[in-house]
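Structure below is run11.cif: mmCIF, C-alpha atoms.
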data_my_file
#
loop_
_atom_site.label_atom_id
_atom_site.label_comp_id
_atom_site.auth_asym_id
_atom_site.auth_seq_id
_atom_site.Cartn_x
_atom_site.Cartn_y
_atom_site.Cartn_z
CA MET A 1 72.43 -137.09 54.37
CA ARG A 2 73.11 -135.57 50.95
CA ILE A 3 74.00 -131.89 51.14
CA ALA A 4 74.59 -129.26 48.45
CA MET A 5 76.53 -126.23 49.65
CA ILE A 6 76.12 -123.22 47.36
CA GLY A 7 79.19 -121.01 47.72
CA THR A 8 82.77 -121.94 48.62
CA GLY A 9 83.71 -118.81 50.50
CA TYR A 10 84.62 -118.83 54.16
CA VAL A 11 81.27 -120.05 55.50
CA GLY A 12 80.50 -122.46 52.66
CA LEU A 13 83.87 -124.19 52.55
CA VAL A 14 84.24 -124.56 56.32
CA SER A 15 80.64 -125.74 56.73
CA GLY A 16 80.84 -128.12 53.78
CA ALA A 17 84.09 -129.69 54.98
CA CYS A 18 82.76 -130.08 58.53
CA PHE A 19 79.47 -131.62 57.37
CA ALA A 20 81.49 -134.08 55.26
CA ASP A 21 83.60 -134.88 58.31
CA PHE A 22 80.37 -135.75 60.14
CA GLY A 23 79.85 -138.45 57.51
CA HIS A 24 77.42 -136.67 55.19
CA ASP A 25 77.89 -136.58 51.39
CA VAL A 26 78.60 -132.96 50.50
CA ILE A 27 79.01 -131.25 47.14
CA CYS A 28 80.21 -127.63 47.25
CA VAL A 29 79.12 -125.52 44.29
CA ASP A 30 80.64 -122.27 43.05
CA LYS A 31 80.38 -120.36 39.77
CA ASP A 32 84.05 -119.35 39.99
CA GLU A 33 85.72 -121.92 37.74
CA LYS A 34 89.22 -120.95 38.89
CA LYS A 35 88.30 -121.47 42.53
CA ILE A 36 86.77 -124.90 41.84
CA ALA A 37 89.80 -125.91 39.74
CA ALA A 38 92.08 -124.84 42.61
CA LEU A 39 90.04 -126.86 45.11
CA HIS A 40 90.33 -129.90 42.84
CA ARG A 41 94.11 -129.42 43.04
CA GLY A 42 93.90 -129.29 46.81
CA GLU A 43 94.52 -125.53 47.00
CA ILE A 44 92.45 -123.78 49.68
CA PRO A 45 91.42 -120.20 48.74
CA ILE A 46 91.32 -118.95 52.36
CA TYR A 47 93.62 -119.30 55.33
CA GLU A 48 92.01 -121.15 58.22
CA PRO A 49 94.05 -123.40 60.53
CA GLY A 50 93.33 -127.09 59.85
CA LEU A 51 91.03 -126.52 56.88
CA ASP A 52 93.43 -127.80 54.22
CA GLU A 53 93.83 -131.12 56.06
CA LEU A 54 90.08 -131.42 56.73
CA VAL A 55 89.26 -130.84 53.05
CA ALA A 56 91.93 -133.28 51.84
CA THR A 57 90.77 -136.02 54.23
CA ASN A 58 87.14 -135.82 53.16
CA VAL A 59 87.90 -135.50 49.45
CA LYS A 60 90.01 -138.65 49.75
CA ALA A 61 87.13 -140.40 51.55
CA LYS A 62 84.82 -139.30 48.67
CA ARG A 63 82.48 -137.47 51.05
CA LEU A 64 83.39 -134.02 49.71
CA GLU A 65 83.28 -132.87 46.08
CA PHE A 66 83.45 -129.57 44.19
CA THR A 67 81.65 -128.46 41.04
CA THR A 68 80.48 -125.42 39.09
CA ASP A 69 77.12 -127.00 38.10
CA LEU A 70 74.47 -127.01 40.82
CA SER A 71 71.70 -128.84 38.93
CA LYS A 72 72.56 -132.45 39.88
CA PRO A 73 73.77 -131.73 43.44
CA VAL A 74 70.56 -129.81 44.16
CA ALA A 75 68.33 -132.45 42.55
CA ASP A 76 69.93 -135.19 44.68
CA ALA A 77 70.13 -133.22 47.94
CA ASP A 78 68.17 -133.64 51.15
CA ALA A 79 69.27 -130.12 52.10
CA VAL A 80 70.66 -127.23 50.07
CA PHE A 81 72.59 -124.56 51.99
CA ILE A 82 72.91 -121.05 50.56
CA ALA A 83 76.30 -119.74 51.71
CA VAL A 84 77.00 -116.94 49.24
CA GLY A 85 78.28 -113.46 50.07
CA THR A 86 76.08 -110.70 51.47
CA PRO A 87 78.42 -107.66 51.36
CA SER A 88 77.34 -104.17 52.33
CA ARG A 89 75.57 -102.60 49.38
CA ARG A 90 77.45 -99.63 48.03
CA GLY A 91 75.72 -96.36 48.83
CA ASP A 92 73.27 -97.28 51.57
CA GLY A 93 74.85 -99.92 53.82
CA HIS A 94 72.09 -102.50 53.33
CA ALA A 95 73.16 -106.13 52.87
CA ASP A 96 73.43 -106.92 49.17
CA LEU A 97 71.13 -109.92 48.70
CA SER A 98 71.49 -110.24 44.94
CA TYR A 99 73.69 -113.35 45.24
CA VAL A 100 71.24 -114.99 47.67
CA TYR A 101 68.24 -114.34 45.44
CA ALA A 102 70.08 -115.47 42.29
CA ALA A 103 71.05 -118.70 44.06
CA ALA A 104 67.45 -119.24 45.20
CA LYS A 105 66.14 -118.90 41.65
CA GLU A 106 68.72 -121.29 40.25
CA ILE A 107 68.13 -123.80 43.06
CA ALA A 108 64.37 -123.73 42.41
CA GLN A 109 64.87 -124.86 38.82
CA SER A 110 66.70 -128.02 39.91
CA LEU A 111 64.73 -129.17 42.98
CA SER A 112 63.49 -132.76 42.94
CA GLY A 113 61.60 -134.41 45.76
CA PHE A 114 61.32 -133.01 49.29
CA THR A 115 64.20 -130.63 50.01
CA VAL A 116 65.10 -128.22 52.79
CA VAL A 117 66.68 -125.01 51.47
CA VAL A 118 68.68 -123.35 54.21
CA THR A 119 70.02 -119.80 54.32
CA LYS A 120 73.45 -120.07 55.96
CA SER A 121 74.53 -116.60 54.81
CA THR A 122 73.96 -113.70 57.19
CA VAL A 123 70.77 -112.11 55.88
CA PRO A 124 68.35 -109.42 57.08
CA VAL A 125 65.13 -110.38 58.80
CA GLY A 126 62.57 -111.43 56.22
CA THR A 127 65.06 -112.73 53.65
CA GLY A 128 63.83 -116.30 54.14
CA ASP A 129 60.33 -115.16 53.19
CA GLU A 130 61.64 -113.72 49.93
CA VAL A 131 63.75 -116.81 49.21
CA GLU A 132 60.63 -118.96 49.65
CA ARG A 133 58.60 -116.64 47.40
CA ILE A 134 61.25 -116.81 44.66
CA ILE A 135 61.44 -120.61 44.83
CA ARG A 136 57.65 -121.07 44.73
CA GLU A 137 57.27 -118.56 41.92
CA THR A 138 60.05 -120.18 39.88
CA ASN A 139 58.95 -123.76 40.59
CA PRO A 140 55.35 -123.93 41.89
CA LYS A 141 55.53 -127.74 42.16
CA ALA A 142 58.58 -127.76 44.42
CA ASP A 143 58.18 -129.69 47.67
CA VAL A 144 60.37 -127.41 49.76
CA VAL A 145 60.87 -125.97 53.22
CA VAL A 146 62.96 -122.83 53.57
CA ALA A 147 64.85 -122.59 56.87
CA SER A 148 67.38 -120.26 58.45
CA ASN A 149 70.57 -121.62 60.03
CA PRO A 150 72.92 -118.70 60.79
CA GLU A 151 76.61 -119.40 61.32
CA PHE A 152 78.55 -118.32 64.41
CA LEU A 153 82.09 -119.14 63.30
CA ARG A 154 85.12 -117.18 64.46
CA GLU A 155 87.81 -116.85 61.84
CA GLY A 156 90.91 -118.63 63.07
CA ALA A 157 88.85 -121.06 65.18
CA ALA A 158 86.08 -121.93 62.73
CA ILE A 159 86.48 -125.72 62.67
CA ARG A 160 86.39 -126.01 66.44
CA ASP A 161 83.42 -123.62 66.59
CA PHE A 162 81.54 -125.76 64.07
CA LYS A 163 82.23 -129.03 65.87
CA PHE A 164 81.84 -127.72 69.42
CA PRO A 165 79.23 -124.97 69.07
CA ASP A 166 77.70 -122.89 71.87
CA ARG A 167 74.38 -123.27 70.07
CA ILE A 168 72.92 -124.24 66.71
CA VAL A 169 70.03 -121.98 65.73
CA VAL A 170 67.52 -123.28 63.18
CA GLY A 171 64.61 -121.15 62.04
CA THR A 172 61.72 -123.29 60.86
CA SER A 173 58.32 -124.29 62.22
CA ASP A 174 57.88 -127.12 59.72
CA GLU A 175 58.18 -130.59 61.29
CA ARG A 176 59.73 -132.17 58.19
CA GLY A 177 62.28 -129.39 58.07
CA ARG A 178 63.07 -129.83 61.77
CA LYS A 179 63.67 -133.55 61.25
CA VAL A 180 66.09 -133.03 58.34
CA MET A 181 68.04 -130.38 60.25
CA SER A 182 68.13 -132.56 63.37
CA ASP A 183 69.50 -135.45 61.29
CA ILE A 184 72.18 -133.22 59.76
CA TYR A 185 73.41 -132.09 63.17
CA ARG A 186 72.86 -135.44 64.93
CA PRO A 187 76.61 -136.29 64.93
CA LEU A 188 77.04 -133.45 67.44
CA SER A 189 74.56 -134.96 69.91
CA LEU A 190 77.30 -136.71 71.89
CA ASN A 191 78.77 -133.26 72.53
CA GLN A 192 75.33 -132.15 73.77
CA ALA A 193 75.25 -129.25 71.31
CA PRO A 194 72.15 -127.18 72.04
CA LEU A 195 69.92 -127.29 68.97
CA MET A 196 67.55 -124.33 69.20
CA PHE A 197 64.50 -124.23 66.95
CA THR A 198 62.75 -120.89 66.42
CA GLU A 199 60.60 -119.13 63.89
CA ARG A 200 62.57 -118.24 60.75
CA ARG A 201 62.57 -114.48 61.31
CA THR A 202 63.70 -114.96 64.90
CA ALA A 203 66.70 -117.01 63.74
CA GLU A 204 67.63 -114.26 61.29
CA MET A 205 67.42 -111.66 64.05
CA ILE A 206 69.53 -113.74 66.49
CA LYS A 207 72.56 -113.56 64.19
CA TYR A 208 72.48 -109.77 63.88
CA ALA A 209 71.70 -109.22 67.56
CA ALA A 210 74.61 -111.44 68.62
CA ASN A 211 77.15 -109.63 66.44
CA ALA A 212 75.85 -106.19 67.43
CA PHE A 213 76.15 -107.08 71.12
CA LEU A 214 79.72 -108.35 70.75
CA ALA A 215 80.67 -105.24 68.77
CA THR A 216 79.15 -103.16 71.58
CA LYS A 217 81.32 -104.91 74.20
CA ILE A 218 84.46 -104.19 72.15
CA THR A 219 83.55 -100.54 71.69
CA PHE A 220 82.61 -100.15 75.35
CA ILE A 221 85.99 -101.37 76.61
CA ASN A 222 87.78 -99.22 74.02
CA GLU A 223 86.07 -96.11 75.36
CA ILE A 224 86.89 -97.18 78.93
CA ALA A 225 90.49 -97.60 77.76
CA ASP A 226 90.58 -93.99 76.54
CA LEU A 227 89.28 -92.79 79.90
CA SER A 228 91.71 -95.06 81.77
CA GLU A 229 94.63 -93.43 79.98
CA LYS A 230 93.46 -89.99 81.10
CA VAL A 231 92.86 -90.89 84.76
CA GLY A 232 95.83 -93.24 85.21
CA ALA A 233 93.95 -96.54 85.44
CA ASN A 234 94.90 -99.86 83.81
CA VAL A 235 92.19 -101.02 81.41
CA GLN A 236 93.38 -104.64 81.47
CA GLU A 237 92.74 -104.80 85.20
CA VAL A 238 89.46 -102.94 84.75
CA ALA A 239 88.37 -105.50 82.13
CA ARG A 240 89.31 -108.38 84.40
CA GLY A 241 87.58 -106.76 87.34
CA ILE A 242 84.28 -106.38 85.49
CA GLY A 243 84.63 -109.57 83.44
CA LEU A 244 84.81 -111.79 86.53
CA ASP A 245 81.18 -110.78 87.11
CA ASN A 246 79.46 -113.67 85.35
CA ARG A 247 76.68 -111.34 84.23
CA ILE A 248 79.29 -109.56 82.07
CA GLY A 249 81.89 -112.23 81.22
CA THR A 250 85.52 -111.83 80.19
CA LYS A 251 85.24 -112.29 76.42
CA PHE A 252 85.40 -109.35 73.98
CA LEU A 253 86.75 -107.03 76.67
CA HIS A 254 90.21 -106.58 75.15
CA ALA A 255 90.98 -102.96 74.36
CA GLY A 256 92.52 -102.32 70.96
CA PRO A 257 92.33 -100.37 67.70
CA GLY A 258 88.69 -101.22 66.98
CA PHE A 259 86.85 -104.14 65.40
CA GLY A 260 87.07 -105.16 61.76
CA GLY A 261 86.61 -108.29 59.65
CA SER A 262 83.86 -109.67 57.50
CA CYS A 263 81.05 -109.63 60.10
CA PHE A 264 80.90 -106.90 62.73
CA PRO A 265 81.21 -103.78 60.53
CA LYS A 266 78.92 -105.19 57.83
CA ASP A 267 76.33 -106.62 60.21
CA THR A 268 76.07 -103.56 62.46
CA LYS A 269 75.50 -101.42 59.35
CA ALA A 270 72.86 -103.82 58.06
CA LEU A 271 71.06 -104.01 61.41
CA ILE A 272 70.87 -100.20 61.57
CA LYS A 273 69.40 -100.13 58.05
CA ILE A 274 66.86 -102.82 58.90
CA ALA A 275 65.77 -100.80 61.94
CA GLN A 276 65.43 -97.65 59.85
CA ASP A 277 63.21 -99.50 57.38
CA TYR A 278 60.88 -100.33 60.29
CA ASP A 279 61.12 -96.81 61.79
CA VAL A 280 63.06 -98.04 64.84
CA SER A 281 66.10 -96.19 66.20
CA LEU A 282 69.02 -98.35 67.37
CA ARG A 283 70.98 -95.54 68.99
CA ILE A 284 73.42 -97.79 70.83
CA VAL A 285 74.36 -99.72 67.69
CA GLU A 286 74.62 -96.50 65.67
CA SER A 287 77.04 -95.11 68.27
CA VAL A 288 79.06 -98.33 68.31
CA LEU A 289 79.61 -98.10 64.56
CA ALA A 290 80.49 -94.39 64.62
CA VAL A 291 82.91 -94.73 67.55
CA ASN A 292 84.63 -97.72 65.96
CA GLU A 293 85.17 -95.96 62.63
CA ASN A 294 86.64 -92.89 64.32
CA ARG A 295 88.88 -95.02 66.52
CA LYS A 296 90.76 -96.73 63.70
CA ARG A 297 91.96 -93.43 62.29
CA ALA A 298 92.70 -92.09 65.78
CA MET A 299 95.31 -94.80 66.26
CA ALA A 300 97.53 -93.00 63.72
CA ARG A 301 97.41 -89.91 65.94
CA LYS A 302 98.44 -92.08 68.87
CA VAL A 303 101.58 -93.11 66.95
CA SER A 304 102.28 -89.48 66.12
CA GLN A 305 102.02 -88.47 69.78
CA ALA A 306 104.49 -91.21 70.74
CA LEU A 307 107.00 -89.55 68.39
CA GLY A 308 106.52 -86.03 69.65
CA GLY A 309 103.57 -84.98 67.50
CA SER A 310 105.06 -85.22 63.99
CA LEU A 311 105.51 -88.13 61.58
CA ARG A 312 106.93 -86.12 58.70
CA GLY A 313 109.90 -88.06 57.31
CA LYS A 314 109.60 -90.81 59.94
CA THR A 315 109.63 -94.56 59.19
CA ILE A 316 106.97 -96.63 60.92
CA ALA A 317 107.11 -100.44 61.14
CA VAL A 318 103.63 -102.01 61.26
CA LEU A 319 103.44 -105.57 62.63
CA GLY A 320 100.21 -107.32 61.69
CA LEU A 321 97.79 -106.32 58.93
CA THR A 322 94.87 -108.78 59.08
CA PHE A 323 91.93 -107.84 61.27
CA LYS A 324 92.79 -110.65 63.72
CA PRO A 325 95.39 -113.43 63.99
CA ASP A 326 95.07 -116.85 62.31
CA THR A 327 93.34 -115.47 59.24
CA ASP A 328 94.35 -113.77 56.00
CA ASP A 329 91.18 -111.64 56.02
CA MET A 330 91.78 -107.94 55.36
CA ARG A 331 88.12 -106.90 55.21
CA ASP A 332 87.64 -103.71 57.26
CA ALA A 333 90.94 -104.39 59.04
CA PRO A 334 91.98 -101.61 61.47
CA SER A 335 95.39 -101.62 59.80
CA ILE A 336 93.97 -100.00 56.64
CA PRO A 337 92.82 -96.64 58.11
CA LEU A 338 95.80 -96.71 60.48
CA VAL A 339 98.33 -97.05 57.65
CA THR A 340 96.58 -94.52 55.43
CA GLY A 341 96.53 -92.13 58.38
CA LEU A 342 100.27 -92.61 58.95
CA ILE A 343 100.96 -91.95 55.26
CA ASP A 344 98.76 -88.84 55.29
CA MET A 345 100.86 -87.53 58.17
CA GLY A 346 104.01 -87.90 56.09
CA ALA A 347 105.35 -91.22 57.36
CA LYS A 348 106.99 -93.97 55.36
CA VAL A 349 105.41 -97.31 56.27
CA LYS A 350 106.95 -100.78 56.30
CA ALA A 351 104.84 -103.79 57.23
CA PHE A 352 104.94 -107.50 57.98
CA ASP A 353 102.12 -110.00 58.47
CA PRO A 354 102.62 -113.79 58.74
CA VAL A 355 99.92 -114.69 56.17
CA GLY A 356 98.02 -111.60 55.02
CA MET A 357 100.48 -109.62 52.92
CA GLU A 358 99.25 -110.76 49.51
CA GLN A 359 95.72 -109.74 50.43
CA ALA A 360 97.00 -106.49 51.96
CA LYS A 361 98.78 -105.43 48.77
CA THR A 362 95.42 -104.76 47.12
CA GLU A 363 94.33 -102.47 49.95
CA LEU A 364 97.72 -100.92 50.74
CA PRO A 365 99.81 -100.93 47.54
CA SER A 366 102.14 -98.05 48.41
CA ILE A 367 103.90 -99.45 51.51
CA THR A 368 107.01 -101.64 51.79
CA TYR A 369 106.40 -105.30 52.68
CA CYS A 370 109.06 -107.13 54.68
CA GLU A 371 110.01 -110.78 55.16
CA ASP A 372 109.85 -110.80 58.98
CA ALA A 373 109.39 -108.60 62.03
CA TYR A 374 113.09 -107.82 62.38
CA SER A 375 113.66 -106.63 58.81
CA CYS A 376 110.49 -104.58 59.20
CA ALA A 377 111.86 -102.90 62.35
CA GLU A 378 115.23 -102.07 60.79
CA GLY A 379 115.69 -98.29 60.64
CA ALA A 380 112.18 -97.63 62.00
CA ASP A 381 111.41 -94.69 64.27
CA ALA A 382 108.58 -96.68 65.84
CA ILE A 383 107.03 -100.14 65.77
CA VAL A 384 103.24 -100.41 65.84
CA ILE A 385 101.75 -103.77 66.85
CA VAL A 386 98.35 -103.95 65.16
CA THR A 387 97.47 -107.66 65.10
CA GLU A 388 98.25 -109.96 68.03
CA TRP A 389 99.85 -112.80 66.06
CA VAL A 390 101.62 -115.29 68.33
CA GLN A 391 104.83 -114.55 66.37
CA PHE A 392 104.85 -111.05 67.88
CA ARG A 393 104.39 -112.08 71.51
CA ALA A 394 108.01 -113.01 72.22
CA LEU A 395 110.12 -110.75 70.04
CA ASP A 396 113.83 -110.33 70.82
CA LEU A 397 113.66 -106.81 72.26
CA ASP A 398 117.42 -106.27 72.30
CA ARG A 399 117.63 -107.24 68.63
CA LEU A 400 114.80 -104.87 67.75
CA LYS A 401 116.33 -101.98 69.67
CA ALA A 402 119.73 -102.48 68.03
CA THR A 403 118.33 -101.98 64.52
CA MET A 404 115.72 -99.27 65.13
CA ALA A 405 116.35 -95.56 64.60
CA GLN A 406 114.43 -94.85 67.83
CA PRO A 407 113.37 -97.35 70.55
CA VAL A 408 109.63 -96.60 70.39
CA ILE A 409 106.87 -99.24 70.42
CA VAL A 410 103.15 -98.50 70.18
CA ASP A 411 101.36 -101.69 71.20
CA LEU A 412 97.71 -101.48 70.11
CA ARG A 413 96.96 -104.97 71.47
CA ASN A 414 98.60 -104.73 74.92
CA ILE A 415 100.58 -107.93 74.43
CA TYR A 416 103.62 -106.74 76.40
CA ARG A 417 104.00 -105.64 80.03
CA PRO A 418 104.95 -101.97 80.45
CA GLU A 419 107.58 -102.72 83.09
CA GLU A 420 109.21 -105.27 80.75
CA MET A 421 109.44 -102.70 77.97
CA ALA A 422 110.81 -100.02 80.28
CA ALA A 423 113.51 -102.41 81.51
CA ALA A 424 114.46 -103.07 77.87
CA GLY A 425 114.91 -99.33 77.28
CA PHE A 426 111.86 -98.63 75.12
CA VAL A 427 109.43 -95.76 75.02
CA TYR A 428 106.27 -97.84 75.21
CA GLU A 429 102.69 -96.76 74.49
CA SER A 430 99.76 -99.17 74.81
CA VAL A 431 95.97 -98.86 74.95
CA GLY A 432 94.31 -97.87 78.22
CA ARG A 433 97.50 -98.09 80.28
CA PRO A 434 99.94 -95.37 81.39
CA PRO A 435 102.89 -94.91 78.98
CA VAL A 436 106.39 -95.86 80.15
CA GLN A 437 109.85 -94.71 79.16
CA GLY A 438 112.94 -96.85 79.61
#
If you took the structure in this file and wrote it as structure tokens, what would it be?
Amino acid sequence: MRIAMIGTGYVGLVSGACFADFGHDVICVDKDEKKIAALHRGEIPIYEPGLDELVATNVKAKRLEFTTDLSKPVADADAVFIAVGTPSRRGDGHADLSYVYAAAKEIAQSLSGFTVVVTKSTVPVGTGDEVERIIRETNPKADVVVASNPEFLREGAAIRDFKFPDRIVVGTSDERGRKVMSDIYRPLSLNQAPLMFTERRTAEMIKYAANAFLATKITFINEIADLSEKVGANVQEVARGIGLDNRIGTKFLHAGPGFGGSCFPKDTKALIKIAQDYDVSLRIVESVLAVNENRKRAMARKVSQALGGSLRGKTIAVLGLTFKPDTDDMRDAPSIPLVTGLIDMGAKVKAFDPVGMEQAKTELPSITYCEDAYSCAEGADAIVIVTEWVQFRALDLDRLKATMAQPVIVDLRNIYRPEEMAAAGFVYESVGRPPVQG
């Protein structure tokens, strides 16, 4: 199959490289000349484990190409995927669809022969209808089917998720469109990947509903963690106890500083706005978003309490800045409101992240960036673990304690055992578990 992928951001680049690895001929298109030039040099603009090797392999095999001109790739394509950004629109929280609609208009001008145009970007319900209207208005003679194919990739595990998916959702009722999409995903048939065909609007809704539900699970366990701290329960054991019920499941029941990233905050906001447009109240989702936003800032107060209620003149070492491990993504990362909260309380902040510091400097320009966890901890009154990078799971506790001004650790990801920290002589605060003092 010949595929044109419009957009070389996270979704477009991962999807394009994986489709090429299936054996399809893929051309990724982006208007950013610098990004395309970098890709031609083998430089990957995002951090995703295994992506650099996957791209290099398929470029070498001539199955994957990059260009700034979409006219020929679209004209030659069996399927054109729209994978451009849909950020929250400033002012009202709606998804900004200007990039999607601009891509649709440009695609329409280059279509030749039967083509399936697929929205891969996360878009509000009804966007496919508007994409189809734009294409038919721009090019009335186009022989085209517009389908929805939402992505369900986790940053840090995107390649595996693409190749071993829980489900592949395709929104189209057109038989020709179904055949093309089935052919594109046929290489996954040996893995028995469930290919689910629905109406287009249903596929668009599935993506938002899935992310809102996962965000709800995270927020639920975070609130249970707060209650557990007050009553003396252990939220990790609570999560395991409820998660072993297969009606609930164990995933997304890890208490922490709140969710962030490119999907959950943006998509919950967009779903709420969609509901408001249709005069429907999504009170649960509205509460999830409000609780999560408040929680991120509250984590700074948790650090303050661990140091006796005042951070004035104190030095805080922050370990982990990205919203999750194995990514350099700083979008809506909990570290941002946490750090700004610490600074507002009078603290000096030092930070270390294995891959995200360059991206963090844009969001947090006034803090000190360190070369590793130990230099970050030197002279600190407290260490705050914000992102559960594997590099932070087996730190030399004696070495940390020897260089810190005070032996205080606030673990917002619960990666250490309280009894272990007490034995090492630390004052240790975690989330949803009783504090300990060594």
Quiz item: List as a PyMOL selection string: which residues have an atom within 10 Å of (69.1, -117.7, 45.9), counting all atoms listed in the file?
Solution: chain A and resi 6+81-84+97-108+117+119+128+130-132+134-135
Quiz item: Which distance in Å separates atom CA of A:Tyr10 and atom CA of A:Pro187, to one decimal?
Solution: 22.0 Å
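If only C-alpha atoms are the atoms counted, then among A:Ile248, A:Met299, A:Val146, A:Ala317 the closest residue to A:Gly177 is A:Val146.
The shortest atom-to-atom distance to A:Gly12, with all atoms listed in the file taken into account, belongs to A:Leu153 out of A:Ala225, A:Ala147, A:Ala37, A:Leu153.
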Exercise. Output the residue selection produced by the PyMOL selection byres ((chain A and resi 337-353) around 7) on the file above, formatted as a PyMOL selection string.
Key: chain A and resi 296-297+299-300+311-321+334-336+354-357+367-373+376
Exercise. For atom CA of A:Asn58 and atom CA of A:Ile27, quote the distance in Å rounded to one decimal.
Key: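 Separation of atom CA of A:Asn58 and atom CA of A:Ile27: 11.1 Å.
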Quiz prompt | Residues near A:Leu214, cut-off 7 Å, all atoms listed in the file, skip fewer than 4 positions along chain, as a PyMOL selection string | solution = chain A and resi 210+218+252
Quiz item: Interatomic distance between atom CA of A:Pro434 and atom CA of A:Gly232?
Solution: 6.0 Å
Self-check item: Distance query A:Val431 at most 12 Å, only C-alpha atoms, self and fewer than 6 positions along chain excluded, as a ChimeraX atom specification
Solution: /A:221-230,232-236,254-258,295,298-299,302-303,384-386,409-418
Go ahead and save the residues from that selection, with C-alpha atoms, as a tab-separated table (two decimals), in the coordinates of the input.
chain	number	residue	atom	x	y	z
A	221	ILE	CA	85.99	-101.37	76.61
A	222	ASN	CA	87.78	-99.22	74.02
A	223	GLU	CA	86.07	-96.11	75.36
A	224	ILE	CA	86.89	-97.18	78.93
A	225	ALA	CA	90.49	-97.60	77.76
A	226	ASP	CA	90.58	-93.99	76.54
A	227	LEU	CA	89.28	-92.79	79.90
A	228	SER	CA	91.71	-95.06	81.77
A	229	GLU	CA	94.63	-93.43	79.98
A	230	LYS	CA	93.46	-89.99	81.10
A	232	GLY	CA	95.83	-93.24	85.21
A	233	ALA	CA	93.95	-96.54	85.44
A	234	ASN	CA	94.90	-99.86	83.81
A	235	VAL	CA	92.19	-101.02	81.41
A	236	GLN	CA	93.38	-104.64	81.47
A	254	HIS	CA	90.21	-106.58	75.15
A	255	ALA	CA	90.98	-102.96	74.36
A	256	GLY	CA	92.52	-102.32	70.96
A	257	PRO	CA	92.33	-100.37	67.70
A	258	GLY	CA	88.69	-101.22	66.98
A	295	ARG	CA	88.88	-95.02	66.52
A	298	ALA	CA	92.70	-92.09	65.78
A	299	MET	CA	95.31	-94.80	66.26
A	302	LYS	CA	98.44	-92.08	68.87
A	303	VAL	CA	101.58	-93.11	66.95
A	384	VAL	CA	103.24	-100.41	65.84
A	385	ILE	CA	101.75	-103.77	66.85
A	386	VAL	CA	98.35	-103.95	65.16
A	409	ILE	CA	106.87	-99.24	70.42
A	410	VAL	CA	103.15	-98.50	70.18
A	411	ASP	CA	101.36	-101.69	71.20
A	412	LEU	CA	97.71	-101.48	70.11
A	413	ARG	CA	96.96	-104.97	71.47
A	414	ASN	CA	98.60	-104.73	74.92
A	415	ILE	CA	100.58	-107.93	74.43
A	416	TYR	CA	103.62	-106.74	76.40
A	417	ARG	CA	104.00	-105.64	80.03
A	418	PRO	CA	104.95	-101.97	80.45
Quiz item: Quick one: residues within 8 Å of A:Asp78, all atoms listed in the file counted, chain neighbours fewer than 2 positions away excluded, as a ChimeraX atom specification?
Solution: /A:1-3,76,80,114-116,180
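The shortest atom-to-atom distance to A:Ile184, with all atoms listed in the file taken into account, belongs to A:Cys18 out of A:Val427, A:Ile242, A:Cys18, A:Val280.
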Quiz item: Near A:Val59, within 10 Å and counting all atoms listed in the file, which residues show up once chain neighbours fewer than 2 positions away are dropped, as a VMD selection string?
Solution: chain A and resid 17 20 to 21 26 39 to 40 42 53 to 57 61 to 66
Keeping C-alpha atoms for every residue in the selection just given, could you write it to a file as an mmCIF file, in the coordinates of the input?
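Done, and the output landed in again.cif:
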data_model
loop_
_atom_site.group_PDB
_atom_site.id
_atom_site.type_symbol
_atom_site.label_atom_id
_atom_site.label_comp_id
_atom_site.auth_asym_id
_atom_site.auth_seq_id
_atom_site.Cartn_x
_atom_site.Cartn_y
_atom_site.Cartn_z
ATOM 1 C CA ALA A 17 84.090 -129.690 54.980
ATOM 2 C CA ALA A 20 81.490 -134.080 55.260
ATOM 3 C CA ASP A 21 83.600 -134.880 58.310
ATOM 4 C CA VAL A 26 78.600 -132.960 50.500
ATOM 5 C CA LEU A 39 90.040 -126.860 45.110
ATOM 6 C CA HIS A 40 90.330 -129.900 42.840
ATOM 7 C CA GLY A 42 93.900 -129.290 46.810
ATOM 8 C CA GLU A 53 93.830 -131.120 56.060
ATOM 9 C CA LEU A 54 90.080 -131.420 56.730
ATOM 10 C CA VAL A 55 89.260 -130.840 53.050
ATOM 11 C CA ALA A 56 91.930 -133.280 51.840
ATOM 12 C CA THR A 57 90.770 -136.020 54.230
ATOM 13 C CA ALA A 61 87.130 -140.400 51.550
ATOM 14 C CA LYS A 62 84.820 -139.300 48.670
ATOM 15 C CA ARG A 63 82.480 -137.470 51.050
ATOM 16 C CA LEU A 64 83.390 -134.020 49.710
ATOM 17 C CA GLU A 65 83.280 -132.870 46.080
ATOM 18 C CA PHE A 66 83.450 -129.570 44.190
#
Would you kindly translate the PyMOL selection byres ((chain A and resi 69) around 8) into the concrete residues it picks from this file, as a PDB file with C-alpha atoms, in the frame of the given file?
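Result file follows (result.pdb):
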ATOM      1  CA  VAL A  29      79.120-125.520  44.290  1.00  0.00           C
ATOM      2  CA  ASP A  30      80.640-122.270  43.050  1.00  0.00           C
ATOM      3  CA  LYS A  31      80.380-120.360  39.770  1.00  0.00           C
ATOM      4  CA  THR A  67      81.650-128.460  41.040  1.00  0.00           C
ATOM      5  CA  THR A  68      80.480-125.420  39.090  1.00  0.00           C
ATOM      6  CA  LEU A  70      74.470-127.010  40.820  1.00  0.00           C
ATOM      7  CA  SER A  71      71.700-128.840  38.930  1.00  0.00           C
ATOM      8  CA  LYS A  72      72.560-132.450  39.880  1.00  0.00           C
ATOM      9  CA  PRO A  73      73.770-131.730  43.440  1.00  0.00           C
TER      10      PRO A  73
END
